[in-house]
file target24.cif (mmCIF, C-alpha atoms; chains and numbers go by the auth columns)
data_upload
#
loop_
_atom_site.group_PDB
_atom_site.id
_atom_site.type_symbol
_atom_site.label_atom_id
_atom_site.label_comp_id
_atom_site.label_asym_id
_atom_site.label_seq_id
_atom_site.Cartn_x
_atom_site.Cartn_y
_atom_site.Cartn_z
_atom_site.B_iso_or_equiv
_atom_site.auth_seq_id
_atom_site.auth_asym_id
ATOM 1 C CA MET A 1 78.985 94.278 99.361 0.00 299 T
ATOM 2 C CA LYS A 2 81.260 95.504 102.096 0.00 300 T
ATOM 3 C CA VAL A 3 85.054 95.062 101.977 0.00 301 T
ATOM 4 C CA THR A 4 87.247 95.206 105.058 0.00 302 T
ATOM 5 C CA LEU A 5 91.031 95.188 104.888 0.00 303 T
ATOM 6 C CA VAL A 6 92.515 93.776 108.093 0.00 304 T
ATOM 7 C CA CYS A 7 96.195 94.565 108.696 0.00 305 T
ATOM 8 C CA VAL A 8 98.575 93.465 111.415 0.00 306 T
ATOM 9 C CA GLY A 9 100.592 96.410 112.730 0.00 307 T
ATOM 10 C CA LYS A 10 100.274 100.113 112.116 0.00 308 T
ATOM 11 C CA THR A 11 101.445 102.132 109.138 0.00 309 T
ATOM 12 C CA ASP A 12 104.059 104.649 110.186 0.00 310 T
ATOM 13 C CA GLU A 13 105.057 106.069 106.810 0.00 311 T
ATOM 14 C CA LYS A 14 103.173 109.271 106.059 0.00 312 T
ATOM 15 C CA TYR A 15 103.357 108.891 102.258 0.00 313 T
ATOM 16 C CA ILE A 16 101.756 105.442 102.490 0.00 314 T
ATOM 17 C CA GLU A 17 99.006 106.740 104.774 0.00 315 T
ATOM 18 C CA GLU A 18 98.321 109.564 102.298 0.00 316 T
ATOM 19 C CA GLY A 19 98.078 107.126 99.384 0.00 317 T
ATOM 20 C CA ILE A 20 95.744 104.826 101.307 0.00 318 T
ATOM 21 C CA ALA A 21 93.563 107.801 102.259 0.00 319 T
ATOM 22 C CA LYS A 22 93.418 108.910 98.598 0.00 320 T
ATOM 23 C CA TYR A 23 92.100 105.560 97.348 0.00 321 T
ATOM 24 C CA THR A 24 89.891 104.973 100.388 0.00 322 T
ATOM 25 C CA LYS A 25 88.159 108.273 99.625 0.00 323 T
ATOM 26 C CA ARG A 26 87.646 107.192 96.005 0.00 324 T
ATOM 27 C CA LEU A 27 86.278 103.791 97.037 0.00 325 T
ATOM 28 C CA ILE A 28 83.288 105.290 98.859 0.00 326 T
ATOM 29 C CA HIS A 29 81.638 105.764 95.473 0.00 327 T
ATOM 30 C CA TYR A 30 81.679 102.008 94.804 0.00 328 T
ATOM 31 C CA VAL A 31 81.673 99.975 97.992 0.00 329 T
ATOM 32 C CA LYS A 32 81.537 100.166 101.760 0.00 330 T
ATOM 33 C CA PHE A 33 85.220 99.915 102.622 0.00 331 T
ATOM 34 C CA ASN A 34 87.126 100.134 105.858 0.00 332 T
ATOM 35 C CA ILE A 35 90.501 99.213 107.267 0.00 333 T
ATOM 36 C CA THR A 36 90.957 97.492 110.609 0.00 334 T
ATOM 37 C CA VAL A 37 94.420 97.538 112.156 0.00 335 T
ATOM 38 C CA ILE A 38 95.358 94.848 114.632 0.00 336 T
ATOM 39 C CA PRO A 39 98.104 96.154 116.938 0.00 337 T
ATOM 40 C CA ASP A 40 101.521 94.529 116.817 0.00 338 T
ATOM 41 C CA ILE A 41 101.914 91.681 119.322 0.00 339 T
ATOM 42 C CA LYS A 42 103.612 92.942 122.470 0.00 340 T
ATOM 43 C CA ASN A 43 106.852 91.244 123.526 0.00 341 T
ATOM 44 C CA SER A 44 107.038 89.437 120.179 0.00 342 T
ATOM 45 C CA LYS A 45 110.829 89.163 120.585 0.00 343 T
ATOM 46 C CA ASN A 46 110.160 86.609 123.322 0.00 344 T
ATOM 47 C CA LEU A 47 107.928 84.501 121.053 0.00 345 T
ATOM 48 C CA SER A 48 108.788 81.984 118.377 0.00 346 T
ATOM 49 C CA GLN A 49 107.517 82.622 114.863 0.00 347 T
ATOM 50 C CA GLU A 50 104.798 80.004 115.385 0.00 348 T
ATOM 51 C CA GLN A 51 103.687 81.572 118.676 0.00 349 T
ATOM 52 C CA GLN A 52 103.527 84.989 117.061 0.00 350 T
ATOM 53 C CA LYS A 53 101.465 83.632 114.138 0.00 351 T
ATOM 54 C CA GLU A 54 99.094 81.919 116.598 0.00 352 T
ATOM 55 C CA LYS A 55 98.555 85.100 118.611 0.00 353 T
ATOM 56 C CA GLU A 56 98.027 87.179 115.461 0.00 354 T
ATOM 57 C CA GLY A 57 95.734 84.462 114.098 0.00 355 T
ATOM 58 C CA GLU A 58 93.472 84.654 117.169 0.00 356 T
ATOM 59 C CA LEU A 59 93.145 88.421 116.684 0.00 357 T
ATOM 60 C CA ILE A 60 92.520 88.068 112.953 0.00 358 T
ATOM 61 C CA LEU A 61 89.785 85.472 113.426 0.00 359 T
ATOM 62 C CA LYS A 62 88.015 87.765 115.917 0.00 360 T
ATOM 63 C CA GLN A 63 87.514 90.169 112.990 0.00 361 T
ATOM 64 C CA VAL A 64 85.731 87.556 110.857 0.00 362 T
ATOM 65 C CA ASP A 65 82.121 86.387 111.166 0.00 363 T
ATOM 66 C CA ASN A 66 81.010 82.923 110.037 0.00 364 T
ATOM 67 C CA SER A 67 79.195 84.392 107.023 0.00 365 T
ATOM 68 C CA ASP A 68 82.171 86.490 105.833 0.00 366 T
ATOM 69 C CA THR A 69 84.283 85.576 102.833 0.00 367 T
ATOM 70 C CA LEU A 70 87.895 85.565 104.032 0.00 368 T
ATOM 71 C CA MET A 71 90.686 86.197 101.539 0.00 369 T
ATOM 72 C CA LEU A 72 94.328 86.188 102.615 0.00 370 T
ATOM 73 C CA LEU A 73 97.029 88.178 100.857 0.00 371 T
ATOM 74 C CA ASP A 74 99.680 85.499 100.705 0.00 372 T
ATOM 75 C CA GLU A 75 102.750 84.795 98.583 0.00 373 T
ATOM 76 C CA LYS A 76 101.297 81.358 97.730 0.00 374 T
ATOM 77 C CA GLY A 77 98.027 82.890 96.571 0.00 375 T
ATOM 78 C CA GLN A 78 96.442 83.149 93.153 0.00 376 T
ATOM 79 C CA GLN A 79 97.701 86.043 91.051 0.00 377 T
ATOM 80 C CA TYR A 80 95.224 87.976 88.936 0.00 378 T
ATOM 81 C CA ARG A 81 95.518 90.586 86.245 0.00 379 T
ATOM 82 C CA SER A 82 93.598 93.694 87.267 0.00 380 T
ATOM 83 C CA VAL A 83 90.738 92.886 84.878 0.00 381 T
ATOM 84 C CA ASP A 84 90.476 89.347 86.265 0.00 382 T
ATOM 85 C CA PHE A 85 90.530 90.615 89.850 0.00 383 T
ATOM 86 C CA SER A 86 87.657 92.909 88.877 0.00 384 T
ATOM 87 C CA LYS A 87 85.774 89.872 87.543 0.00 385 T
ATOM 88 C CA LEU A 88 86.433 88.002 90.805 0.00 386 T
ATOM 89 C CA LEU A 89 84.935 90.868 92.818 0.00 387 T
ATOM 90 C CA ASP A 90 81.977 91.093 90.455 0.00 388 T
ATOM 91 C CA LYS A 91 81.388 87.336 90.771 0.00 389 T
ATOM 92 C CA ASN A 92 81.378 87.683 94.565 0.00 390 T
ATOM 93 C CA MET A 93 78.890 90.526 94.380 0.00 391 T
ATOM 94 C CA VAL A 94 76.619 88.555 92.028 0.00 392 T
ATOM 95 C CA SER A 95 76.932 85.555 94.372 0.00 393 T
ATOM 96 C CA ASN A 96 75.563 87.825 97.091 0.00 394 T
ATOM 97 C CA VAL A 97 78.714 87.932 99.229 0.00 395 T
ATOM 98 C CA GLN A 98 77.773 90.467 101.883 0.00 396 T
ATOM 99 C CA HIS A 99 81.181 91.014 103.455 0.00 397 T
ATOM 100 C CA MET A 100 84.624 90.225 102.091 0.00 398 T
ATOM 101 C CA VAL A 101 87.443 90.410 104.595 0.00 399 T
ATOM 102 C CA VAL A 102 90.936 90.645 103.100 0.00 400 T
ATOM 103 C CA VAL A 103 93.855 90.167 105.484 0.00 401 T
ATOM 104 C CA ILE A 104 97.476 91.245 105.335 0.00 402 T
ATOM 105 C CA GLY A 105 99.195 89.145 107.973 0.00 403 T
ATOM 106 C CA GLY A 106 102.234 89.750 110.079 0.00 404 T
ATOM 107 C CA PRO A 107 105.859 89.235 109.052 0.00 405 T
ATOM 108 C CA TYR A 108 105.698 85.434 109.330 0.00 406 T
ATOM 109 C CA GLY A 109 102.407 84.855 107.555 0.00 407 T
ATOM 110 C CA PHE A 110 99.315 83.182 108.983 0.00 408 T
ATOM 111 C CA SER A 111 98.592 80.480 111.511 0.00 409 T
ATOM 112 C CA ASP A 112 97.168 77.151 110.357 0.00 410 T
ATOM 113 C CA ARG A 113 93.767 78.098 111.835 0.00 411 T
ATOM 114 C CA VAL A 114 93.617 81.234 109.673 0.00 412 T
ATOM 115 C CA TYR A 115 94.585 79.268 106.551 0.00 413 T
ATOM 116 C CA GLN A 116 91.895 76.687 107.345 0.00 414 T
ATOM 117 C CA ARG A 117 89.219 79.389 107.720 0.00 415 T
ATOM 118 C CA ALA A 118 90.205 81.221 104.530 0.00 416 T
ATOM 119 C CA ASN A 119 88.027 81.030 101.428 0.00 417 T
ATOM 120 C CA GLY A 120 90.960 81.875 99.183 0.00 418 T
ATOM 121 C CA LEU A 121 94.498 83.202 98.868 0.00 419 T
ATOM 122 C CA LEU A 122 95.481 86.216 96.760 0.00 420 T
ATOM 123 C CA SER A 123 98.957 87.290 95.724 0.00 421 T
ATOM 124 C CA LEU A 124 99.703 90.721 94.318 0.00 422 T
ATOM 125 C CA SER A 125 103.129 89.702 92.987 0.00 423 T
ATOM 126 C CA LYS A 126 105.842 87.085 93.113 0.00 424 T
ATOM 127 C CA MET A 127 108.032 89.785 94.620 0.00 425 T
ATOM 128 C CA THR A 128 108.098 90.545 98.334 0.00 426 T
ATOM 129 C CA PHE A 129 106.938 93.966 99.514 0.00 427 T
ATOM 130 C CA SER A 130 106.732 95.511 102.952 0.00 428 T
ATOM 131 C CA HIS A 131 103.462 94.942 104.784 0.00 429 T
ATOM 132 C CA GLN A 132 102.897 98.689 104.746 0.00 430 T
ATOM 133 C CA MET A 133 103.306 99.031 100.976 0.00 431 T
ATOM 134 C CA ILE A 134 101.016 96.067 100.301 0.00 432 T
ATOM 135 C CA ARG A 135 98.215 98.009 102.005 0.00 433 T
ATOM 136 C CA LEU A 136 98.535 100.812 99.494 0.00 434 T
ATOM 137 C CA PHE A 137 98.902 98.426 96.549 0.00 435 T
ATOM 138 C CA PHE A 138 95.800 96.471 97.555 0.00 436 T
ATOM 139 C CA VAL A 139 93.633 99.554 98.113 0.00 437 T
ATOM 140 C CA GLU A 140 94.693 100.913 94.716 0.00 438 T
ATOM 141 C CA GLN A 141 93.925 97.577 93.035 0.00 439 T
ATOM 142 C CA LEU A 142 90.535 97.442 94.741 0.00 440 T
ATOM 143 C CA TYR A 143 89.748 100.916 93.408 0.00 441 T
ATOM 144 C CA ARG A 144 91.025 99.905 89.970 0.00 442 T
ATOM 145 C CA ALA A 145 88.819 96.789 89.989 0.00 443 T
ATOM 146 C CA PHE A 146 85.673 98.785 90.714 0.00 444 T
ATOM 147 C CA SER A 147 86.540 101.386 88.086 0.00 445 T
ATOM 148 C CA ILE A 148 86.958 98.533 85.570 0.00 446 T
ATOM 149 C CA MET A 149 83.526 97.154 86.536 0.00 447 T
ATOM 150 C CA ARG A 150 82.011 100.556 85.842 0.00 448 T
ATOM 151 C CA GLY A 151 83.853 100.987 82.553 0.00 449 T
ATOM 152 C CA GLU A 152 85.564 104.132 83.798 0.00 450 T
ATOM 153 C CA PRO A 153 88.776 105.378 82.166 0.00 451 T
ATOM 154 C CA TYR A 154 91.155 104.831 85.127 0.00 452 T
ATOM 155 C CA HIS A 155 92.441 101.491 83.787 0.00 453 T
ATOM 156 C CA HIS A 156 93.967 101.373 80.301 0.00 454 T
ATOM 157 C CA GLU A 157 94.263 98.167 78.372 0.00 455 T
#

call {"tool": "encode", "arguments": {"input": "target24.cif", "output": "structure tokens"}}
result
Amino acid sequence: MKVTLVCVGKTDEKYIEEGIAKYTKRLIHYVKFNITVIPDIKNSKNLSQEQQKEKEGELILKQVDNSDTLMLLDEKGQQYRSVDFSKLLDKNMVSNVQHMVVVIGGPYGFSDRVYQRANGLLSLSKMTFSHQMIRLFFVEQLYRAFSIMRGEPYHHE
């Protein structure tokens, strides 16, 4: 299985970039993983929230093939314990999912078209975090999930 994390907007905090790089390097032992960054929408100050979501949605959907499993990181999504998230990934691998695309949207969420295309919604917490920090949290949780699958000592329970 291949996992792609699609993010709207760049990460400009060095400590977050370093953390993402750390876990991305670890993930190569488990899964083909990459991050795709969609640039911020230009002149977004002149757009309504809906217009911005629509423009971001068009760019997000260009990253997704018909056969991909699309999961959105969304505050309304299903929350999982780390062990259960690991089981979800394992189930997808057993079900022969070839490519899972996980998306962190822009500041206003996703357009209706993106929600309609999605195969599921994930939430990492009931709390709100910056879009940049969520990238690091998700990559760490992805690494944790694969280490749980392998029975490695990273996760303690």

call {"tool": "atom_distance", "arguments": {"input": "target24.cif", "atom1": "atom CA of Glu348 of chain T", "atom2": "atom CA of Glu311 of chain T"}}
result
27.4 Å

call {"tool": "resolve_selection", "arguments": {"input": "target24.cif", "expression": "the PyMOL selection byres ((chain T and resi 376) around 10)", "output": "ChimeraX atom specification"}}
result
/T:371-375,377-378,418-423

call {"tool": "closest_residue", "arguments": {"input": "target24.cif", "among": "T:Arg379, T:Ile402, T:Tyr328, T:Asn417", "to": "Glu450 of chain T", "atoms": "all atoms listed in the file"}}
result
T:Tyr328

call {"tool": "closest_residue", "arguments": {"input": "target24.cif", "among": "T:Leu303, T:Arg324, T:Asp338, T:Asp310", "to": "Val362 of chain T", "atoms": "all atoms listed in the file"}}
result
T:Leu303

call {"tool": "resolve_selection", "arguments": {"input": "target24.cif", "expression": "the PyMOL selection byres ((chain T and resi 352-359) around 8)", "output": "list in words"}}
result
Val304, Val306, Ile336, Ile339, Glu348, Gln349, Gln350, Lys351, Lys360, Gln361, Val362, Val401, Gly403, Gly404, Phe408, Ser409, Arg411 and Val412 of chain T

call {"tool": "resolve_selection", "arguments": {"input": "target24.cif", "expression": "the PyMOL selection byres ((chain T and resi 388) around 12)", "output": "list in words"}}
result
Met299, Tyr328, Val329, Val381, Asp382, Phe383, Ser384, Lys385, Leu386, Leu387, Lys389, Asn390, Met391, Val392, Ser393, Asn394, Val395, Met398, Leu440, Ala443, Phe444, Ser445, Ile446, Met447 and Arg448 of chain T

call {"tool": "write_last_selection", "arguments": {"input": "target24.cif", "atoms": "C-alpha atoms", "output": "PDB file, in the coordinates of the input"}}
result
ATOM      1  CA  MET T 299      78.985  94.278  99.361  1.00  0.00           C
ATOM      2  CA  TYR T 328      81.679 102.008  94.804  1.00  0.00           C
ATOM      3  CA  VAL T 329      81.673  99.975  97.992  1.00  0.00           C
ATOM      4  CA  VAL T 381      90.738  92.886  84.878  1.00  0.00           C
ATOM      5  CA  ASP T 382      90.476  89.347  86.265  1.00  0.00           C
ATOM      6  CA  PHE T 383      90.530  90.615  89.850  1.00  0.00           C
ATOM      7  CA  SER T 384      87.657  92.909  88.877  1.00  0.00           C
ATOM      8  CA  LYS T 385      85.774  89.872  87.543  1.00  0.00           C
ATOM      9  CA  LEU T 386      86.433  88.002  90.805  1.00  0.00           C
ATOM     10  CA  LEU T 387      84.935  90.868  92.818  1.00  0.00           C
ATOM     11  CA  LYS T 389      81.388  87.336  90.771  1.00  0.00           C
ATOM     12  CA  ASN T 390      81.378  87.683  94.565  1.00  0.00           C
ATOM     13  CA  MET T 391      78.890  90.526  94.380  1.00  0.00           C
ATOM     14  CA  VAL T 392      76.619  88.555  92.028  1.00  0.00           C
ATOM     15  CA  SER T 393      76.932  85.555  94.372  1.00  0.00           C
ATOM     16  CA  ASN T 394      75.563  87.825  97.091  1.00  0.00           C
ATOM     17  CA  VAL T 395      78.714  87.932  99.229  1.00  0.00           C
ATOM     18  CA  MET T 398      84.624  90.225 102.091  1.00  0.00           C
ATOM     19  CA  LEU T 440      90.535  97.442  94.741  1.00  0.00           C
ATOM     20  CA  ALA T 443      88.819  96.789  89.989  1.00  0.00           C
ATOM     21  CA  PHE T 444      85.673  98.785  90.714  1.00  0.00           C
ATOM     22  CA  SER T 445      86.540 101.386  88.086  1.00  0.00           C
ATOM     23  CA  ILE T 446      86.958  98.533  85.570  1.00  0.00           C
ATOM     24  CA  MET T 447      83.526  97.154  86.536  1.00  0.00           C
ATOM     25  CA  ARG T 448      82.011 100.556  85.842  1.00  0.00           C
TER      26      ARG T 448
END

call {"tool": "atom_distance", "arguments": {"input": "target24.cif", "atom1": "atom CA of Leu368 of chain T", "atom2": "atom CA of Val400 of chain T"}}
result
6.0 Å

call {"tool": "residues_around", "arguments": {"input": "target24.cif", "residues": "Lys320 of chain T", "least_positions_apart": "6", "cutoff": "10 Å", "atoms": "only C-alpha atoms", "output": "PyMOL selection string"}}
result
chain T and resi 314+434+437-438

call {"tool": "residues_around", "arguments": {"input": "target24.cif", "residues": "Ala416 of chain T", "least_positions_apart": "5", "cutoff": "8 Å", "atoms": "only C-alpha atoms", "output": "CSV table (one decimal) with C-alpha atoms, keeping the file's coordinate frame"}}
result
chain,number,residue,atom,x,y,z
T,367,THR,CA,84.3,85.6,102.8
T,368,LEU,CA,87.9,85.6,104.0
T,369,MET,CA,90.7,86.2,101.5
T,370,LEU,CA,94.3,86.2,102.6

call {"tool": "closest_residue", "arguments": {"input": "target24.cif", "among": "T:His397, T:Lys343, T:His454, T:Arg433", "to": "Ala319 of chain T", "atoms": "all atoms listed in the file"}}
result
T:Arg433

call {"tool": "closest_residue", "arguments": {"input": "target24.cif", "among": "T:Leu325, T:Ser342, T:Ser380, T:Tyr441", "to": "Glu455 of chain T", "atoms": "only C-alpha atoms"}}
result
T:Ser380

call {"tool": "atom_distance", "arguments": {"input": "target24.cif", "atom1": "atom CA of Gln347 of chain T", "atom2": "atom CA of Pro405 of chain T"}}
result
9.0 Å

call {"tool": "closest_residue", "arguments": {"input": "target24.cif", "among": "T:Arg415, T:Lys308, T:Lys424, T:Thr322", "to": "Ser365 of chain T", "atoms": "all atoms listed in the file"}}
result
T:Arg415

call {"tool": "closest_residue", "arguments": {"input": "target24.cif", "among": "T:Thr302, T:Met431, T:Asp366, T:Pro451", "to": "Glu316 of chain T", "atoms": "all atoms listed in the file"}}
result
T:Met431

call {"tool": "axis_aligned_box", "arguments": {"input": "target24.cif", "around": "segment 318-325 of chain T", "padding_each_side": "3 Å", "output": "AutoDock Vina command-line options"}}
result
--center_x 91.0 --center_y 106.4 --center_z 99.1 --size_x 15.5 --size_y 11.1 --size_z 12.3

call {"tool": "decode", "arguments": {"input": "target24.cif", "residues": "segment 387-400 of chain T", "atoms": "N, CA and C atoms", "output": "CSV table (one decimal), in the first residue's frame"}}
result
chain,number,residue,atom,x,y,z
T,387,LEU,N,-5.8,0.6,9.3
T,387,LEU,CA,-4.8,0.6,8.2
T,387,LEU,C,-4.5,-0.9,7.7
T,388,ASP,N,-4.4,-1.8,8.7
T,388,ASP,CA,-4.2,-3.2,8.4
T,388,ASP,C,-5.4,-3.7,7.6
T,389,LYS,N,-6.6,-3.4,7.9
T,389,LYS,CA,-7.8,-3.8,7.2
T,389,LYS,C,-7.8,-3.3,5.8
T,390,ASN,N,-7.3,-2.0,5.6
T,390,ASN,CA,-7.2,-1.5,4.2
T,390,ASN,C,-6.2,-2.3,3.4
T,391,MET,N,-5.1,-2.6,4.1
T,391,MET,CA,-4.0,-3.4,3.4
T,391,MET,C,-4.5,-4.8,3.0
T,392,VAL,N,-5.2,-5.4,3.9
T,392,VAL,CA,-5.8,-6.7,3.6
T,392,VAL,C,-6.9,-6.7,2.5
T,393,SER,N,-7.6,-5.6,2.5
T,393,SER,CA,-8.6,-5.3,1.5
T,393,SER,C,-8.0,-4.9,0.1
T,394,ASN,N,-6.7,-4.9,0.1
T,394,ASN,CA,-6.0,-4.6,-1.2
T,394,ASN,C,-6.1,-3.2,-1.6
T,395,VAL,N,-6.3,-2.2,-0.7
T,395,VAL,CA,-6.2,-0.8,-1.0
T,395,VAL,C,-4.8,-0.5,-1.5
T,396,GLN,N,-4.7,0.0,-2.7
T,396,GLN,CA,-3.4,0.2,-3.3
T,396,GLN,C,-2.8,1.6,-2.9
T,397,HIS,N,-3.7,2.6,-2.8
T,397,HIS,CA,-3.3,3.9,-2.5
T,397,HIS,C,-4.3,4.6,-1.6
T,398,MET,N,-3.8,5.0,-0.4
T,398,MET,CA,-4.7,5.8,0.5
T,398,MET,C,-4.2,7.2,0.5
T,399,VAL,N,-5.1,8.1,0.2
T,399,VAL,CA,-4.8,9.6,0.2
T,399,VAL,C,-5.4,10.2,1.4
T,400,VAL,N,-4.7,10.8,2.2
T,400,VAL,CA,-5.2,11.5,3.4
T,400,VAL,C,-5.0,13.0,3.2
